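Structure data (mmCIF, C-alpha atoms) from final37.cif:
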```
data_work
#
loop_
_atom_site.label_atom_id
_atom_site.label_comp_id
_atom_site.auth_asym_id
_atom_site.auth_seq_id
_atom_site.Cartn_x
_atom_site.Cartn_y
_atom_site.Cartn_z
CA MET A 273 110.70 105.24 110.23
CA SER A 274 112.29 101.89 110.94
CA PHE A 275 111.07 98.46 110.05
CA ALA A 276 111.67 94.90 111.16
CA THR A 277 114.20 92.39 109.95
CA LEU A 278 112.27 89.44 108.48
CA ARG A 279 113.35 85.80 108.58
CA SER A 280 112.30 82.78 106.58
CA GLU A 281 113.61 79.24 106.31
CA ARG A 282 116.79 80.19 104.41
CA LEU A 283 116.78 83.98 104.36
CA VAL A 284 117.38 86.95 106.57
CA MET A 285 115.86 90.09 105.12
CA ARG A 286 117.24 93.17 106.78
CA PRO A 287 116.80 96.83 105.86
CA LEU A 288 118.79 97.72 102.75
CA ARG A 289 121.84 99.87 103.53
CA ALA A 290 123.84 102.32 101.43
CA ASP A 291 126.88 100.06 101.91
CA ASP A 292 125.06 97.33 99.92
CA ALA A 293 125.82 99.30 96.74
CA PRO A 294 128.99 97.38 95.74
CA VAL A 295 127.25 93.99 95.68
CA MET A 296 124.04 95.45 94.25
CA HIS A 297 126.10 96.88 91.39
CA ILE A 298 126.59 93.26 90.31
CA ALA A 299 122.83 93.09 89.69
CA MET A 300 122.24 96.64 88.52
CA SER A 301 124.98 96.44 85.87
CA ASP A 302 123.83 93.02 84.56
CA LYS A 303 122.31 93.55 81.12
CA GLU A 304 120.15 90.41 81.15
CA LEU A 305 118.88 90.98 84.68
CA MET A 306 118.02 94.62 83.96
CA THR A 307 116.10 93.84 80.75
CA TRP A 308 112.71 94.31 82.44
CA TRP A 309 113.76 96.90 85.02
CA SER A 310 112.52 100.46 84.59
CA SER A 311 116.04 101.73 83.89
CA ALA A 312 118.94 100.57 81.76
CA PRO A 313 121.81 98.58 83.24
CA HIS A 314 124.03 100.84 85.31
CA LYS A 315 127.28 101.64 83.55
CA GLU A 316 128.93 103.43 86.47
CA TYR A 317 129.13 102.36 90.10
CA GLN A 318 128.01 105.81 91.27
CA GLU A 319 124.67 105.33 89.51
CA THR A 320 124.10 102.20 91.59
CA ALA A 321 125.32 103.90 94.77
CA ASP A 322 122.83 106.73 94.27
CA TYR A 323 119.99 104.32 93.44
CA VAL A 324 120.69 102.12 96.46
CA ALA A 325 120.84 105.18 98.72
CA ILE A 326 117.36 106.23 97.57
CA ASN A 327 115.96 102.73 98.09
CA ALA A 328 117.69 102.41 101.48
CA ASP A 329 116.02 105.57 102.79
CA PRO A 330 113.39 104.29 105.27
CA GLU A 331 111.52 107.60 105.01
CA ARG A 332 110.77 106.74 101.36
CA TYR A 333 110.54 102.94 101.17
CA MET A 334 110.65 99.74 103.14
CA THR A 335 113.37 97.89 101.25
CA TRP A 336 114.74 94.62 102.56
CA ALA A 337 118.09 93.27 101.42
CA ILE A 338 117.75 89.55 100.69
CA THR A 339 120.62 87.80 102.50
CA MET A 340 121.60 84.30 103.48
CA ASP A 341 124.36 83.30 105.89
CA ASP A 342 126.88 86.07 105.29
CA ASP A 343 124.79 89.29 105.29
CA GLU A 344 125.68 89.96 101.63
CA ALA A 345 122.77 91.43 99.69
CA LEU A 346 121.66 89.06 96.92
CA GLY A 347 118.90 91.43 95.89
CA TRP A 348 116.02 93.23 97.53
CA VAL A 349 112.28 93.36 98.04
CA VAL A 350 110.71 96.80 98.26
CA PHE A 351 107.33 97.80 99.66
CA ILE A 352 105.98 101.14 98.47
CA ASN A 353 103.04 102.61 100.36
CA ARG A 354 100.57 103.65 97.65
CA ARG A 355 97.40 104.24 99.68
CA GLU A 356 95.91 103.39 103.05
CA LYS A 357 96.36 99.62 103.58
CA LEU A 358 97.68 99.13 100.01
CA ASN A 359 101.35 98.64 99.12
CA GLU A 360 103.16 97.92 95.89
CA ILE A 361 105.81 95.19 95.91
CA GLY A 362 108.91 95.02 93.74
CA TYR A 363 111.96 92.80 93.77
CA ILE A 364 115.33 92.19 92.17
CA LEU A 365 117.70 89.24 92.59
CA ARG A 366 121.23 88.76 91.31
CA ARG A 367 121.20 86.38 88.35
CA SER A 368 123.63 84.00 90.08
CA HIS A 369 120.79 83.16 92.48
CA TRP A 370 117.97 82.67 89.98
CA GLY A 371 116.17 79.33 89.87
CA LYS A 372 116.69 78.49 93.55
CA GLY A 373 113.35 79.69 94.93
CA ILE A 374 114.97 82.64 96.70
CA ALA A 375 112.78 85.32 95.08
CA ARG A 376 109.63 83.34 95.90
CA GLU A 377 110.72 82.83 99.51
CA ALA A 378 111.62 86.51 99.97
CA VAL A 379 108.47 87.85 98.32
CA THR A 380 106.30 85.42 100.29
CA ARG A 381 107.85 86.58 103.56
CA VAL A 382 107.22 90.24 102.75
CA ILE A 383 103.63 89.50 101.70
CA ASP A 384 103.05 87.62 104.97
CA HIS A 385 104.46 90.62 106.85
CA GLY A 386 102.26 93.01 104.91
CA PHE A 387 99.05 91.16 105.59
CA ASP A 388 99.78 89.86 109.11
CA ASP A 389 101.79 92.65 110.71
CA LEU A 390 101.02 95.79 108.71
CA GLY A 391 97.31 95.10 108.27
CA LEU A 392 97.32 95.60 104.51
CA ARG A 393 94.17 94.72 102.58
CA LYS A 394 95.87 94.57 99.16
CA ILE A 395 99.30 94.27 97.58
CA ILE A 396 99.89 95.28 93.98
CA ALA A 397 102.68 94.77 91.45
CA ASP A 398 103.47 96.24 88.04
CA THR A 399 105.37 94.21 85.44
CA ASP A 400 106.30 94.25 81.78
CA PRO A 401 104.12 91.78 79.84
CA ASP A 402 107.24 90.12 78.43
CA ASN A 403 108.80 89.50 81.86
CA GLU A 404 107.73 85.87 81.91
CA SER A 405 109.57 84.88 85.10
CA SER A 406 108.16 87.68 87.22
CA ASN A 407 104.66 87.27 85.81
CA LYS A 408 104.75 83.52 86.50
CA LEU A 409 105.93 84.14 90.07
CA LEU A 410 103.05 86.54 90.72
CA ILE A 411 100.47 84.17 89.21
CA ASP A 412 101.85 81.26 91.26
CA MET A 413 101.55 83.39 94.41
CA GLY A 414 97.88 84.13 93.74
CA PHE A 415 98.06 87.60 92.19
CA GLU A 416 95.28 88.38 89.74
CA LYS A 417 95.75 90.39 86.57
CA GLU A 418 93.76 93.57 87.17
CA GLY A 419 94.77 95.71 84.26
CA TYR A 420 96.77 96.05 81.10
CA LEU A 421 98.10 99.51 80.37
CA ARG A 422 99.24 100.19 76.84
CA SER A 423 102.30 102.38 76.24
CA GLU A 424 102.59 102.98 79.98
CA TRP A 425 106.35 103.30 80.50
CA GLU A 426 109.26 104.80 78.61
CA THR A 427 112.27 102.63 79.39
CA HIS A 428 115.65 101.79 77.94
CA LEU A 429 113.74 99.34 75.68
CA GLY A 430 111.44 102.07 74.39
CA VAL A 431 107.76 102.55 75.16
CA ARG A 432 106.41 99.50 77.01
CA ASP A 433 103.05 98.16 78.12
CA SER A 434 102.43 97.20 81.73
CA ILE A 435 100.43 94.54 83.55
CA LEU A 436 98.90 95.54 86.88
CA TRP A 437 98.59 92.70 89.41
CA GLY A 438 96.66 92.61 92.67
CA LEU A 439 96.52 90.28 95.66
CA LEU A 440 93.78 90.72 98.25
CA LYS A 441 94.39 89.62 101.81
CA ASP A 442 91.15 87.59 101.73
CA ASP A 443 92.35 85.71 98.61
CA TYR A 444 95.91 85.02 99.76
CA LYS A 445 96.78 81.34 99.93
CA ARG A 446 99.79 80.81 102.13
CA GLY A 447 102.53 78.39 101.29
#
```
I'd like the structure from this file rewritten - as structure tokens, please.
Amino acid sequence: MSFATLRSERLVMRPLRADDAPVMHIAMSDKELMTWWSSAPHKEYQETADYVAINADPERYMTWAITMDDDEALGWVVFINRREKLNEIGYILRRSHWGKGIAREAVTRVIDHGFDDLGLRKIIADTDPDNESSNKLLIDMGFEKEGYLRSEWETHLGVRDSILWGLLKDDYKRG
């Protein structure tokens, strides 16, 4: 399976490649960035290389590397097919690029693609309740809290709750 490169005002989002592992190790080894991720910060480069290879496999996921002018991956947005016309979205962005609207722009572009080009009816997300930045981004984009699962995940932080978010195509407000 192949999927399209997506463009927005500032970003080019191309399929993630295994050779993105060196720059993605900057993110995946960052303790602060990885606080709310489902795994601990990567200590060894090979852990990141293996993880990127899995996420770059188009038979498993649609994962776009978030790039600007130089093709260097700043992070990624992943779309996971969960059911017919329903995908889960996830994203990660190197901390050096936080606060610049890049995550919002990238996630918006993938949502537009999901609804307009893939014909999705719903997009979901799953976050830690204490991940204030990600939860605020989803709320600002129109996602509705659809569930709160107690003791849902075992992570490097211990057992964690989870918020389930949903965005219906009919409710999506662009821009």
Using all atoms of region 433-447 of chain A that appear in the file, construct an axis-aligned enclosing box with 3 Å of padding on every side and provide its centre coordinates and edge lengths in Å, rounded to one decimal, as AutoDock Vina command-line options.
```
--center_x 97.1 --center_y 88.3 --center_z 90.1 --size_x 17.9 --size_y 25.8 --size_z 30.0
```
Distance criterion (all atoms listed in the file): nearest to Ile411 (chain A) out of A:Asp291, A:Ile338, A:Asp389, A:Trp437
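Ranked by minimum distance to Ile411 (chain A), first place goes to A:Trp437.
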Counting all atoms listed in the file, which residues of region 298-344 of chain A fall within 12 Å of region 415-428 of chain A, and what is the closest atom pair for each with its distance in Å at one decimal, ordered by chain and rising number, as a tab-separated table?
```
residue	atom	partner	partner_atom	distance
A:Lys303	CA	A:His428	CA	11.1
A:Met306	CA	A:His428	CA	9.7
A:Thr307	CA	A:His428	CA	8.4
A:Trp308	CA	A:Thr427	CA	8.9
A:Trp309	CA	A:Thr427	CA	8.2
A:Ser310	CA	A:Thr427	CA	5.6
A:Ser311	CA	A:Thr427	CA	5.9
A:Ala312	CA	A:His428	CA	5.2
A:Pro313	CA	A:His428	CA	8.7
A:His314	CA	A:His428	CA	11.2
```
Print the selection's residues with C-alpha atoms to a file, as a PDB file, in the frame of the given file.
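Output (out-v4.pdb):
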```
ATOM      1  CA  LYS A 303     122.310  93.550  81.120  1.00  0.00           C
ATOM      2  CA  MET A 306     118.020  94.620  83.960  1.00  0.00           C
ATOM      3  CA  THR A 307     116.100  93.840  80.750  1.00  0.00           C
ATOM      4  CA  TRP A 308     112.710  94.310  82.440  1.00  0.00           C
ATOM      5  CA  TRP A 309     113.760  96.900  85.020  1.00  0.00           C
ATOM      6  CA  SER A 310     112.520 100.460  84.590  1.00  0.00           C
ATOM      7  CA  SER A 311     116.040 101.730  83.890  1.00  0.00           C
ATOM      8  CA  ALA A 312     118.940 100.570  81.760  1.00  0.00           C
ATOM      9  CA  PRO A 313     121.810  98.580  83.240  1.00  0.00           C
ATOM     10  CA  HIS A 314     124.030 100.840  85.310  1.00  0.00           C
TER      11      HIS A 314
END
```
Point to revise | Gap from CA of Ser434 (chain A) to CA of Ile361 (chain A) - Å, one decimal | key: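 That distance, rounded to one decimal, is 14.7 Å.
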Restricting to all atoms listed in the file, whichever of A:Ala337, A:Leu440, A:Leu358, A:Leu409 is closest to Gly373 (chain A) is A:Leu409
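Using all atoms listed in the file, the contacts of Leu305 (chain A) at a cut-off of 12 Å, with sequence neighbours closer than 6 positions omitted, comprise Met296, His297, Ile298, Ala299, Ser311, Ala312, Pro313, His314, Gly347, Tyr363, Ile364, Leu365, Arg366, Arg367, Ser368, His369, Trp370, Asn403, Ser405 and Ser406 of chain A.
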- Task: For the structure provided, state which residues fall under the PyMOL selection byres ((chain A and resi 377) around 12), and present them as JSON, numbers by chain.
- Result: {"A": [278, 279, 280, 281, 282, 283, 284, 285, 338, 339, 340, 348, 349, 363, 365, 370, 371, 372, 373, 374, 375, 376, 378, 379, 380, 381, 382, 383, 384, 409, 413, 446, 447]}
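Of note, CA of Glu344 (chain A) and CA of Glu404 (chain A) are spaced 27.0 Å apart.
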Q. Please, what distance in Å, to one decimal, runs between CA of Arg432 (chain A) and CA of Val324 (chain A)?
A.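 CA of Val324 (chain A) lies 24.3 Å from CA of Arg432 (chain A).
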From the list A:Leu439, A:Ala290, A:Leu392, A:His385, the nearest residue to Leu410 (chain A) using all atoms listed in the file is A:Leu439
request  = Evaluate the PyMOL selection byres ((chain A and resi 395) around 6) and record the selected residues as JSON, numbers by chain, following the chain and residue labels used in the document.
outcome  = {"A": [358, 359, 360, 394, 396, 438, 439]}
For this session: Would you kindly translate the PyMOL selection byres ((chain A and resi 287) around 7) into the concrete residues it picks from this file, as an MDAnalysis selection string?
Result: chainID A and resid 277 285:286 288:289 335:337
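Once all atoms listed in the file are considered, the residues situated within 6 Å of the file point (107.5, 98.2, 98.5) turn out to be A:Met334, A:Val350, A:Phe351, A:Ile352, A:Glu360, A:Ile361, A:Gly362.
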